[in-house]
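Visitor: To start, I am sharing the structure in question, which I have written as structure tokens.
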Amino acid sequence: MIKHGSLRSRLFILILTPLVLLAVILGYWRFTVAQKTAQELFDDSLLAAGLAIARDVAVSDGDALLPSTRNIIREASGGEVFYHVTGPGGIYVTGYAYPPRTAKPEGQDPYKPTFFEAIYRDEPVRVLSMTERVTQANLVGDATVTVWQLIADRNAFARELSIRAVMLMGILLATLAIAVWFGVARGLRPLVDLQDAIDLRSPDDLSEIKRPVPAEVQGVVKTLNRLFGQVEYSINAHQVFISEAAHQLRNPAAAVQSMAEALQDAKTDHDKDQRIAELVLAAKNSATVAEQLLSLERLRHPTQQDQMEDIDFRAVVEQACAEMGVHILEQGIEFDVEMPGHPITISGDAVFLSEAIKNLLDNALKHGGETMDRISVALRCDENEVTLNVADNGAGLSPDQSTAAFGRFSQLKQSTGSGLGLSIVAAVMQRHGGQVSIDQTERGASLTLVLPSNRSTSRPA
């Protein structure tokens, strides 16, 4: 079967191949039928020739056949016919000498015509031997007429019949091939029209295809329309993302520029040190926003390096808490971490999960407020799921604020954050088949991550 090439060629071959095979089978069958037909026709002609010779010899009282009789026999038999006639007692009457002979089977009627094959003058022949009771004057006895013909003449006749049949089937196949070739082209015309219509579209035209198509192509058109919709949605999302990213990057860049200009205008060393500290902070905020934007883009379009694999989630949480714990403790905030004593294996991306955990802790630091003095992390695991809770006793966050909290570039209150931290957490959970939620709590904020558990590797050692 053709794996490449045009659909027209594939259909042409698929339709014509079984027809050619059928023609070969029919041709072989027709050849065998022609052989059998030729055998029957020539045997009948031999019998007719034998009868005609017997009557002609009887009428002529044993003389040779009349020329007219010989011509009629030759024309009726399709070739030269040889004959030999003997009278009662085996006396030679007329015909060719030394005819082919064979012994008749025992028990067979001696007056029944017998057909057999033999060799005459080094050539295979078909022979008819027939015996009749005759009366000549006062003499009564058996007369035997032997008639034979070259098998080559029979084969030529059968071959001619076969060639005619093959030529007829060849003409039919050629006619059918032409009809199939142009018929397939006619049937595929709607696909060509559809291709031409798509080619005429501009790169910005992602609207649905509304052209009428055959039922067999409707599934392809529906898939294309769905793909166009997804591409259009992706392009619009990219445009919105780029627009929002440009807006968000403008503020940190402007802040860095402003701090740099203020540093040039500083009069004293104290003012310079203060401006340098502010410049470093603004540069860090700008870098953070850029890194978070890159993280969002990687989550939307994972690369081959961002593959899921079995990881120890407990080690990921421990490392993220260790990195963020330094900043938390520097600000005089109590930091509690509660984890089980055994590994917790899940399928995931350690880099993304670590970033999500650090974003949760960073969100608590930036939005907890001045009254916050405690942040806690609790990791738990059962047979069905793994949960990670990050809670604080700060300004507070309620479940009804989830839409705004997990939206990109959105902030509930004015702060130094970029508004991307929790949206990255939500994207990471979506990629890992988990979820993030804001818990109802009397004081502060409590956020919980839920991830699928790997039962075979998440048990205590």
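Residue numbering restarts at 1 in every chain; chains get A, B, ... in the order shown in the structure tokens, and ligands count up from 1 in that same order.
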Please list as a short mmCIF file (atom, residue, chain, number, x, y, z; two decimals) with C-alpha atoms, in the first residue's frame every residue within 9 Å of Leu422 of chain A, counting only C-alpha atoms and excluding residues in the same chain fewer than 4 positions away.

Guide:
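Output saved as out_25.cif:
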```cif
data_model
loop_
_atom_site.label_atom_id
_atom_site.label_comp_id
_atom_site.auth_asym_id
_atom_site.auth_seq_id
_atom_site.Cartn_x
_atom_site.Cartn_y
_atom_site.Cartn_z
CA ALA A 356 5.40 27.59 43.40
CA ASN A 359 5.99 32.14 45.56
CA LEU A 360 3.56 31.16 48.32
CA ASN A 363 3.38 36.23 48.85
CA ALA A 405 -5.73 36.69 43.99
CA PHE A 406 -4.95 34.09 41.27
CA GLY A 407 -5.37 36.51 38.34
CA ARG A 408 -2.32 37.76 36.48
CA ALA A 426 -2.15 28.16 39.97
CA ALA A 427 -0.47 27.44 36.62
#
```

Visitor: Kindly give the distance, in Å, that separates atom CA of Ser45 of chain A and atom CA of Trp148 of chain A, rounded to a single decimal.

Guide: 10.5 Å

Visitor: Please tabulate, as a Markdown table, the residues of segment 159-207 of chain A that come within 12 Å of segment 24-33 of chain A, each with its closest pair of atoms and the distance in Å to one decimal, counting only C-alpha atoms and ordering rows by chain, then residue number upward.

Guide:
```
| residue | atom | partner | partner_atom | distance |
| --- | --- | --- | --- | --- |
| A:Arg159 | CA | A:Phe31 | CA | 7.8 |
| A:Glu160 | CA | A:Phe31 | CA | 9.9 |
| A:Leu161 | CA | A:Phe31 | CA | 7.8 |
| A:Ser162 | CA | A:Phe31 | CA | 5.3 |
| A:Ile163 | CA | A:Phe31 | CA | 8.7 |
| A:Arg164 | CA | A:Arg30 | CA | 10.2 |
| A:Ala165 | CA | A:Arg30 | CA | 7.2 |
| A:Val166 | CA | A:Gly27 | CA | 6.3 |
| A:Met167 | CA | A:Gly27 | CA | 10.0 |
| A:Leu168 | CA | A:Gly27 | CA | 10.2 |
| A:Met169 | CA | A:Gly27 | CA | 8.0 |
| A:Gly170 | CA | A:Gly27 | CA | 10.0 |
| A:Leu173 | CA | A:Val24 | CA | 11.0 |
```

Visitor: I'd like to know which of A:Glu40, A:Asp269, A:Glu355, A:Asp153 is closest to Met324 of chain A, using only C-alpha atoms.

Guide: A:Glu355

Visitor: When DSSP is applied to the backbone of this structure, which of segment 13-223 of chain A are assigned strand (DSSP E or B)? Write them out as a ChimeraX atom specification.

Guide: /A:81-86,92-95,114-120,123-136,139-150

Visitor: Keeping only N, CA and C atoms, write those residues as a tab-separated table (two decimals), in the first residue's frame.

Guide:
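Wrote it out as again.tsv, contents follow:
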```
chain	number	residue	atom	x	y	z
A	81	VAL	N	-7.99	-33.42	-41.32
A	81	VAL	CA	-8.51	-34.62	-40.67
A	81	VAL	C	-8.00	-35.84	-41.45
A	82	PHE	N	-7.43	-36.78	-40.68
A	82	PHE	CA	-6.93	-38.02	-41.28
A	82	PHE	C	-7.93	-39.13	-40.97
A	83	TYR	N	-7.96	-40.14	-41.88
A	83	TYR	CA	-8.95	-41.20	-41.68
A	83	TYR	C	-8.40	-42.51	-42.21
A	84	HIS	N	-8.99	-43.60	-41.72
A	84	HIS	CA	-8.60	-44.96	-42.15
A	84	HIS	C	-9.83	-45.83	-41.98
A	85	VAL	N	-10.19	-46.55	-43.02
A	85	VAL	CA	-11.41	-47.36	-43.01
A	85	VAL	C	-11.04	-48.81	-43.33
A	86	THR	N	-11.54	-49.74	-42.51
A	86	THR	CA	-11.37	-51.17	-42.76
A	86	THR	C	-12.74	-51.82	-42.81
A	92	TYR	N	-8.48	-53.63	-45.50
A	92	TYR	CA	-8.28	-52.21	-45.78
A	92	TYR	C	-9.21	-51.77	-46.89
A	93	VAL	N	-9.92	-50.65	-46.64
A	93	VAL	CA	-10.85	-50.12	-47.63
A	93	VAL	C	-10.30	-48.85	-48.25
A	94	THR	N	-10.02	-47.83	-47.42
A	94	THR	CA	-9.51	-46.56	-47.93
A	94	THR	C	-8.91	-45.76	-46.77
A	95	GLY	N	-8.22	-44.67	-47.11
A	95	GLY	CA	-7.67	-43.77	-46.11
A	95	GLY	C	-6.17	-43.87	-45.97
A	114	THR	N	-14.95	-44.54	-29.55
A	114	THR	CA	-13.89	-44.41	-28.53
A	114	THR	C	-12.93	-43.28	-28.93
A	115	PHE	N	-12.70	-42.38	-27.97
A	115	PHE	CA	-11.74	-41.29	-28.17
A	115	PHE	C	-10.47	-41.60	-27.37
A	116	PHE	N	-9.33	-41.31	-27.93
A	116	PHE	CA	-8.06	-41.48	-27.21
A	116	PHE	C	-7.01	-40.60	-27.88
A	117	GLU	N	-5.88	-40.45	-27.20
A	117	GLU	CA	-4.76	-39.65	-27.73
A	117	GLU	C	-3.60	-40.57	-28.05
A	118	ALA	N	-2.90	-40.22	-29.10
A	118	ALA	CA	-1.79	-41.05	-29.55
A	118	ALA	C	-0.78	-40.19	-30.29
A	119	ILE	N	0.25	-40.84	-30.83
A	119	ILE	CA	1.31	-40.16	-31.59
A	119	ILE	C	1.23	-40.65	-33.04
A	120	TYR	N	1.15	-39.71	-33.96
A	120	TYR	CA	1.11	-40.02	-35.40
A	120	TYR	C	2.15	-39.14	-36.10
A	123	GLU	N	3.82	-36.59	-33.88
A	123	GLU	CA	3.02	-35.48	-33.39
A	123	GLU	C	1.82	-36.03	-32.63
A	124	PRO	N	1.46	-35.37	-31.52
A	124	PRO	CA	0.30	-35.84	-30.75
A	124	PRO	C	-0.99	-35.58	-31.53
A	125	VAL	N	-1.88	-36.56	-31.49
A	125	VAL	CA	-3.14	-36.44	-32.20
A	125	VAL	C	-4.28	-36.92	-31.28
A	126	ARG	N	-5.49	-36.47	-31.63
A	126	ARG	CA	-6.72	-36.93	-30.98
A	126	ARG	C	-7.42	-37.88	-31.96
A	127	VAL	N	-7.76	-39.07	-31.46
A	127	VAL	CA	-8.22	-40.14	-32.34
A	127	VAL	C	-9.64	-40.55	-31.96
A	128	LEU	N	-10.45	-40.85	-32.97
A	128	LEU	CA	-11.77	-41.44	-32.79
A	128	LEU	C	-11.81	-42.76	-33.55
A	129	SER	N	-12.21	-43.79	-32.83
A	129	SER	CA	-12.37	-45.10	-33.46
A	129	SER	C	-13.81	-45.55	-33.26
A	130	MET	N	-14.49	-45.86	-34.37
A	130	MET	CA	-15.89	-46.28	-34.29
A	130	MET	C	-16.12	-47.49	-35.20
A	131	THR	N	-16.87	-48.46	-34.71
A	131	THR	CA	-17.15	-49.70	-35.43
A	131	THR	C	-18.64	-49.81	-35.68
A	132	GLU	N	-19.01	-50.20	-36.90
A	132	GLU	CA	-20.41	-50.36	-37.27
A	132	GLU	C	-20.63	-51.70	-37.98
A	133	ARG	N	-21.80	-52.27	-37.80
A	133	ARG	CA	-22.17	-53.50	-38.51
A	133	ARG	C	-22.66	-53.11	-39.91
A	134	VAL	N	-22.01	-53.67	-40.94
A	134	VAL	CA	-22.36	-53.33	-42.33
A	134	VAL	C	-22.68	-54.60	-43.10
A	135	THR	N	-23.44	-54.41	-44.18
A	135	THR	CA	-23.80	-55.52	-45.07
A	135	THR	C	-23.48	-55.11	-46.49
A	136	GLN	N	-22.62	-55.86	-47.14
A	136	GLN	CA	-22.26	-55.60	-48.53
A	136	GLN	C	-22.52	-56.89	-49.32
A	139	LEU	N	-22.35	-60.31	-47.79
A	139	LEU	CA	-21.35	-60.34	-46.73
A	139	LEU	C	-21.76	-59.39	-45.61
A	140	VAL	N	-21.80	-59.94	-44.38
A	140	VAL	CA	-22.14	-59.14	-43.21
A	140	VAL	C	-20.95	-59.14	-42.26
A	141	GLY	N	-20.55	-57.97	-41.77
A	141	GLY	CA	-19.42	-57.89	-40.85
A	141	GLY	C	-19.27	-56.48	-40.27
A	142	ASP	N	-18.18	-56.30	-39.51
A	142	ASP	CA	-17.91	-55.01	-38.84
A	142	ASP	C	-16.95	-54.18	-39.68
A	143	ALA	N	-17.31	-52.92	-39.87
A	143	ALA	CA	-16.43	-51.95	-40.52
A	143	ALA	C	-15.96	-50.94	-39.48
A	144	THR	N	-14.67	-50.64	-39.48
A	144	THR	CA	-14.09	-49.71	-38.49
A	144	THR	C	-13.59	-48.46	-39.19
A	145	VAL	N	-14.01	-47.34	-38.69
A	145	VAL	CA	-13.56	-46.04	-39.19
A	145	VAL	C	-12.70	-45.37	-38.11
A	146	THR	N	-11.48	-45.06	-38.44
A	146	THR	CA	-10.58	-44.36	-37.51
A	146	THR	C	-10.32	-42.96	-38.06
A	147	VAL	N	-10.61	-41.94	-37.26
A	147	VAL	CA	-10.42	-40.54	-37.66
A	147	VAL	C	-9.54	-39.87	-36.62
A	148	TRP	N	-8.58	-39.11	-37.07
A	148	TRP	CA	-7.72	-38.42	-36.11
A	148	TRP	C	-7.33	-37.04	-36.62
A	149	GLN	N	-6.92	-36.22	-35.67
A	149	GLN	CA	-6.60	-34.81	-35.98
A	149	GLN	C	-5.46	-34.36	-35.06
A	150	LEU	N	-4.64	-33.43	-35.55
A	150	LEU	CA	-3.51	-32.92	-34.75
A	150	LEU	C	-4.03	-32.13	-33.53
```

Visitor: Pick the closest to Ser6 of chain A from A:Leu188, A:Pro110, A:Glu216, A:Asp265: which is it, counting only C-alpha atoms?

Guide: A:Leu188

Visitor: Using only C-alpha atoms for the distances, tell me which of A:Phe42, A:Trp181, A:Phe157, A:Tyr98 is nearest to Phe12 of chain A.

Guide: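 Using only C-alpha atoms, Phe12 of chain A sits closest to A:Trp181.
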
Visitor: To one decimal in Å, tell me the separation between atom CA of Leu379 of chain A and atom CA of Met339 of chain A.

Guide: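 Separation of atom CA of Leu379 of chain A and atom CA of Met339 of chain A: 5.0 Å.
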
Visitor: If you measure from atom CA of Gly394 of chain A to atom CA of His432 of chain A, what distance in Å do you get, rounded to one decimal?

Guide: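 One can read the atom CA of Gly394 of chain A to atom CA of His432 of chain A distance as 29.0 Å.
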